[in-house]
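Beneath this line is the structure, given in C-alpha cells, with notes to follow.
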Amino acid sequence: MAQLRGAIEPGRAEAMTRYHKQTREVLGVGNDVLNGFAKDWRKDLDVSERVTLALALWSSDIFEARILAAKLLTQARIKDDLVVWDLLQSWVPEFDSWAIADHACTAISKRLVAQPARLDVVEIWTSADHMWTRRAALVATLPWAKLPNPKTVDEATRDRILGWAANYVEDRDWFIQKAIGWWLRDLSKHAPDRARTFLEGPGATLKAFARKEASKYLA
C-alpha cells in the first residue's frame with residue numbers, strides 16, 4: 001500500500017472516481033503503473049505469496065488495489081492453480097464496477113482456458129440474481145469468442161456460451177446487453193456467419209446499441 005500511495009498522481013483520483021462511478025476510495029494511480037507493480041511482484045513472489053498479497057489488496061476495498069489484486073493473478077500457466085481459482089471465484093459476488101470486474105474476469109479466463117471443466121461452475125453464474133455475476137459468465141469466456149481456428153470441442157463450448165447469451169437477450173440491463181454485444185463483436189472477427197446467425201435469431205431483440213456493437217465488424 002505504501003508503494004501504491006507513493007504512485008498517486010495529484011488530482012487524478014477525482015476524475016477517476018467520476019468516470020468509474022466509485023463510492024470506494026480511489027487513489028489516483030494510472031493503469032501503466034499498476035501493470036509495472038504487477039509485473040515486478042509476479043516475478044518476485046511465488047504463487048502462494050501472490051495469493052496472500054492479492055487477498056490483502058482485495059480486502060482493502062481500494063479501487064486500484066482490487067485491480068492490482070486481479071493483475072497479480074493473471075497468468076496463463078500456473079501449476080497447481082486451485083487456490084488461485086478458488087480466490088478468484090470468491091470475488092465474483094462482490095463485483096460492482098466494470099473496471100474491477102473486467103480485470104478479475106481476465107484472470108478468471110486464464111483459469112478457464114487452463115481447465116475448461118470449470119465452465120460448469122460458470123454456468124451456475126448465469127442464473128445468479130447478482131447482475132455482475134451473470135455478466136462475468138460472458139466476459140470471462142471471451143477467449144472462446146476469439147479463437148481463430150477452434151477445435152471441435154471448442155466449437156461445442158462456443159455454442160454452449162452462445163446459449164447462455166441467448167438466454168440473456170431478454171435481460172434489458174445495459175451491462176448485460178453490452179456484454180452480449182461484446183461477445184458477438186469478438187466472435188464476428190473469426191466466425192462472422194455464426195455471429196450473423198445469432199443476430200438473426202435470438203439476438204434479433206437485442207437493444208439497438210448492443211446490435212450495433214455486435215455488428216461492428218460485419219459487412
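We label chains A, B, ... in the order they appear in the C-alpha cells, count residues from 1 in each chain, and number ligands from 1 in the order shown.
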Skipping near chain neighbours, those fewer than 4 positions away, what residues fall within 7 Å of segment 147-162 of chain A using only C-alpha atoms, listed as a ChimeraX atom specification?
/A:143,166,190
Residues within 12 Å of segment 98-101 of chain A, only C-alpha atoms, excluding chain neighbours under 2 positions, as a PyMOL selection string:
chain A and resi 16-17+19-22+24+31+58+61-71+88-89+91-96+103-109+131-140+174-176+178-179
List the spatial neighbours of segment 112-115 of chain A as a CSV table (one decimal) with all heavy atoms, in the first residue's frame - criterion: any atom at most 9 Å away, only C-alpha atoms, same-chain residues fewer than 4 positions off excluded.
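The result, stored in around11.csv:
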```
chain,number,residue,atom,x,y,z
A,76,ALA,N,-1.2,-17.2,-17.7
A,76,ALA,CA,-1.7,-18.3,-18.4
A,76,ALA,C,-1.4,-19.6,-17.7
A,76,ALA,O,-2.3,-20.5,-17.5
A,76,ALA,CB,-1.2,-18.3,-19.8
A,77,ARG,N,-0.2,-19.8,-17.4
A,77,ARG,CA,0.2,-21.1,-16.8
A,77,ARG,C,0.6,-21.0,-15.3
A,77,ARG,O,1.5,-20.2,-15.0
A,77,ARG,CB,1.4,-21.7,-17.5
A,77,ARG,CG,1.2,-22.0,-19.0
A,77,ARG,CD,2.4,-22.6,-19.7
A,77,ARG,NE,2.1,-22.9,-21.1
A,77,ARG,CZ,3.0,-23.4,-21.9
A,77,ARG,NH1,4.2,-23.7,-21.5
A,77,ARG,NH2,2.7,-23.7,-23.2
A,78,ILE,N,-0.2,-21.6,-14.5
A,78,ILE,CA,0.0,-21.7,-13.0
A,78,ILE,C,-0.1,-23.1,-12.6
A,78,ILE,O,-1.2,-23.7,-12.7
A,78,ILE,CB,-0.9,-20.8,-12.3
A,78,ILE,CG1,-0.9,-19.3,-12.7
A,78,ILE,CG2,-0.7,-20.9,-10.8
A,78,ILE,CD1,-1.9,-18.4,-12.0
A,85,TRP,N,-7.8,-20.2,-8.4
A,85,TRP,CA,-9.2,-20.4,-8.9
A,85,TRP,C,-10.2,-20.1,-7.8
A,85,TRP,O,-11.2,-19.4,-8.0
A,85,TRP,CB,-9.4,-21.7,-9.5
A,85,TRP,CG,-10.8,-22.1,-9.9
A,85,TRP,CD1,-11.5,-23.2,-9.4
A,85,TRP,CD2,-11.7,-21.5,-10.8
A,85,TRP,NE1,-12.7,-23.3,-9.9
A,85,TRP,CE2,-12.9,-22.2,-10.8
A,85,TRP,CE3,-11.6,-20.4,-11.6
A,85,TRP,CZ2,-14.0,-21.9,-11.6
A,85,TRP,CZ3,-12.7,-20.1,-12.4
A,85,TRP,CH2,-13.9,-20.8,-12.4
A,108,ILE,N,-9.7,-14.8,-14.4
A,108,ILE,CA,-10.6,-15.9,-14.4
A,108,ILE,C,-10.5,-16.7,-15.8
A,108,ILE,O,-10.5,-17.9,-15.8
A,108,ILE,CB,-12.1,-15.5,-14.1
A,108,ILE,CG1,-12.2,-15.1,-12.6
A,108,ILE,CG2,-13.0,-16.7,-14.4
A,108,ILE,CD1,-13.5,-14.4,-12.3
A,119,LEU,N,-16.0,-24.5,-16.6
A,119,LEU,CA,-17.2,-23.8,-17.1
A,119,LEU,C,-18.5,-24.3,-16.5
A,119,LEU,O,-19.5,-23.6,-16.6
A,119,LEU,CB,-17.2,-24.1,-18.7
A,119,LEU,CG,-16.2,-23.3,-19.5
A,119,LEU,CD1,-16.1,-23.8,-20.9
A,119,LEU,CD2,-16.5,-21.8,-19.5
A,140,ALA,N,-15.8,-13.5,-18.9
A,140,ALA,CA,-14.7,-14.4,-18.6
A,140,ALA,C,-14.5,-15.5,-19.6
A,140,ALA,O,-13.5,-16.2,-19.7
A,140,ALA,CB,-14.9,-15.1,-17.2
A,141,THR,N,-15.5,-15.6,-20.5
A,141,THR,CA,-15.4,-16.7,-21.5
A,141,THR,C,-15.1,-16.1,-22.9
A,141,THR,O,-15.2,-16.8,-23.9
A,141,THR,CB,-16.7,-17.5,-21.6
A,141,THR,OG1,-17.8,-16.6,-21.8
A,141,THR,CG2,-16.9,-18.3,-20.4
A,143,PRO,N,-12.3,-15.7,-24.4
A,143,PRO,CA,-11.3,-16.4,-25.2
A,143,PRO,C,-12.0,-17.4,-26.2
A,143,PRO,O,-11.4,-17.6,-27.3
A,143,PRO,CB,-10.5,-17.2,-24.1
A,143,PRO,CG,-10.6,-16.3,-22.9
A,143,PRO,CD,-12.0,-15.7,-22.9
A,144,TRP,N,-13.1,-17.9,-25.9
A,144,TRP,CA,-13.8,-18.8,-26.9
A,144,TRP,C,-14.4,-18.0,-28.1
A,144,TRP,O,-14.6,-18.6,-29.1
A,144,TRP,CB,-14.8,-19.7,-26.2
A,144,TRP,CG,-14.2,-20.8,-25.5
A,144,TRP,CD1,-13.8,-22.0,-26.1
A,144,TRP,CD2,-13.7,-20.9,-24.2
A,144,TRP,NE1,-13.2,-22.8,-25.1
A,144,TRP,CE2,-13.1,-22.2,-24.0
A,144,TRP,CE3,-13.7,-20.0,-23.1
A,144,TRP,CZ2,-12.6,-22.6,-22.7
A,144,TRP,CZ3,-13.2,-20.4,-21.9
A,144,TRP,CH2,-12.6,-21.6,-21.7
```
Please give the complete set of residues from chain A that DSSP, run on the backbone, assigns to alpha helix (DSSP H), formatted as a VMD selection string.
chain A and resid 2 to 6 12 to 20 31 to 44 47 to 59 63 to 72 82 to 91 98 to 114 119 to 125 131 to 139 142 to 145 152 to 168 174 to 188 192 to 200 208 to 214
In Å, with one decimal, what is the gap from atom CA of Trp164 of chain A to atom CA of Arg111 of chain A?
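Between these atoms lies a distance of 19.5 Å.
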Residues near segment 1-8 of chain A, cut-off 9 Å, only C-alpha atoms, skip fewer than 4 positions along chain, as a ChimeraX atom specification:
/A:12-13,27-30,33-34,37,57,64-65
Please, could you write that set of residues out with all heavy atoms as a compact mmCIF listing (two decimals), in the first residue's frame?
```
# COMPACT_ATOMS: atom_id res chain seq x y z
N ARG A 12 -5.71 13.20 -9.94
CA ARG A 12 -6.23 12.13 -10.80
C ARG A 12 -7.40 11.40 -10.15
O ARG A 12 -8.31 10.93 -10.84
CB ARG A 12 -5.11 11.14 -11.13
CG ARG A 12 -5.53 10.07 -12.12
CD ARG A 12 -4.37 9.14 -12.48
NE ARG A 12 -4.78 8.18 -13.49
CZ ARG A 12 -4.18 8.00 -14.66
NH1 ARG A 12 -3.12 8.73 -14.96
NH2 ARG A 12 -4.61 7.10 -15.51
N ALA A 13 -7.40 11.26 -8.83
CA ALA A 13 -8.41 10.46 -8.15
C ALA A 13 -9.82 10.99 -8.40
O ALA A 13 -10.76 10.21 -8.59
CB ALA A 13 -8.13 10.42 -6.64
N LEU A 27 -7.35 6.08 -5.32
CA LEU A 27 -6.10 6.76 -5.01
C LEU A 27 -5.67 7.74 -6.09
O LEU A 27 -5.16 8.82 -5.79
CB LEU A 27 -4.99 5.72 -4.80
CG LEU A 27 -5.20 4.71 -3.67
CD1 LEU A 27 -4.04 3.71 -3.65
CD2 LEU A 27 -5.33 5.41 -2.33
N GLY A 28 -5.86 7.33 -7.35
CA GLY A 28 -5.38 8.15 -8.45
C GLY A 28 -4.06 7.63 -8.98
O GLY A 28 -3.10 8.39 -9.16
N VAL A 29 -3.99 6.32 -9.25
CA VAL A 29 -2.79 5.68 -9.78
C VAL A 29 -3.12 5.14 -11.17
O VAL A 29 -4.12 4.44 -11.35
CB VAL A 29 -2.31 4.53 -8.87
CG1 VAL A 29 -1.06 3.86 -9.46
CG2 VAL A 29 -2.02 5.05 -7.47
N GLY A 30 -2.30 5.43 -12.15
CA GLY A 30 -2.55 5.04 -13.52
C GLY A 30 -2.38 3.55 -13.76
O GLY A 30 -1.63 2.86 -13.05
N VAL A 33 1.14 2.17 -14.26
CA VAL A 33 1.88 1.97 -13.00
C VAL A 33 1.47 0.65 -12.36
O VAL A 33 2.31 -0.12 -11.87
CB VAL A 33 1.64 3.14 -12.03
CG1 VAL A 33 2.32 2.88 -10.69
CG2 VAL A 33 2.15 4.44 -12.64
N LEU A 34 0.17 0.37 -12.36
CA LEU A 34 -0.32 -0.89 -11.80
C LEU A 34 0.27 -2.08 -12.55
O LEU A 34 0.63 -3.09 -11.95
CB LEU A 34 -1.85 -0.94 -11.85
CG LEU A 34 -2.60 0.15 -11.07
CD1 LEU A 34 -4.11 -0.06 -11.20
CD2 LEU A 34 -2.20 0.15 -9.60
N PHE A 37 3.81 -2.63 -11.28
CA PHE A 37 3.84 -3.30 -9.98
C PHE A 37 3.54 -4.78 -10.14
O PHE A 37 4.21 -5.64 -9.57
CB PHE A 37 2.81 -2.67 -9.03
CG PHE A 37 3.20 -1.33 -8.46
CD1 PHE A 37 2.25 -0.38 -8.18
CD2 PHE A 37 4.53 -1.04 -8.19
CE1 PHE A 37 2.60 0.85 -7.65
CE2 PHE A 37 4.90 0.20 -7.66
CZ PHE A 37 3.93 1.14 -7.38
N LEU A 57 -4.84 -7.13 -0.81
CA LEU A 57 -5.15 -5.97 -1.65
C LEU A 57 -6.65 -5.88 -1.91
O LEU A 57 -7.25 -4.80 -1.80
CB LEU A 57 -4.39 -6.06 -2.97
CG LEU A 57 -2.89 -5.80 -2.92
CD1 LEU A 57 -2.22 -6.25 -4.21
CD2 LEU A 57 -2.60 -4.33 -2.66
N GLU A 64 -7.83 0.86 -6.92
CA GLU A 64 -6.62 0.40 -7.61
C GLU A 64 -6.07 -0.89 -6.99
O GLU A 64 -5.49 -1.72 -7.69
CB GLU A 64 -5.53 1.47 -7.60
CG GLU A 64 -5.84 2.68 -8.46
CD GLU A 64 -6.53 3.78 -7.67
OE1 GLU A 64 -7.16 3.48 -6.64
OE2 GLU A 64 -6.42 4.94 -8.09
N ALA A 65 -6.25 -1.07 -5.69
CA ALA A 65 -5.76 -2.28 -5.03
C ALA A 65 -6.50 -3.50 -5.52
O ALA A 65 -5.91 -4.57 -5.72
CB ALA A 65 -5.89 -2.14 -3.51
```
Can you pull out the residues contacting Leu218 of chain A? Cut-off 10 Å, using only C-alpha atoms, and skip same-chain residues under 3 positions away; I want them as a list in words.
Arg185, Ser188, Lys189, Pro192, Asp193, Ala195, Arg196, Lys212, Ala214 and Ser215 of chain A
Minimum-distance residue to Asp186 of chain A, chosen among A:Ala145, A:Ala38, A:Leu199, A:Ala204 (using only C-alpha atoms):
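With only C-alpha atoms as the atom set, the closest residue is A:Ala145.
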What is the atom CA of Asp120 of chain A to atom CA of Asp81 of chain A distance in Å?
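Computing it gives 17.1 Å between the two atoms.
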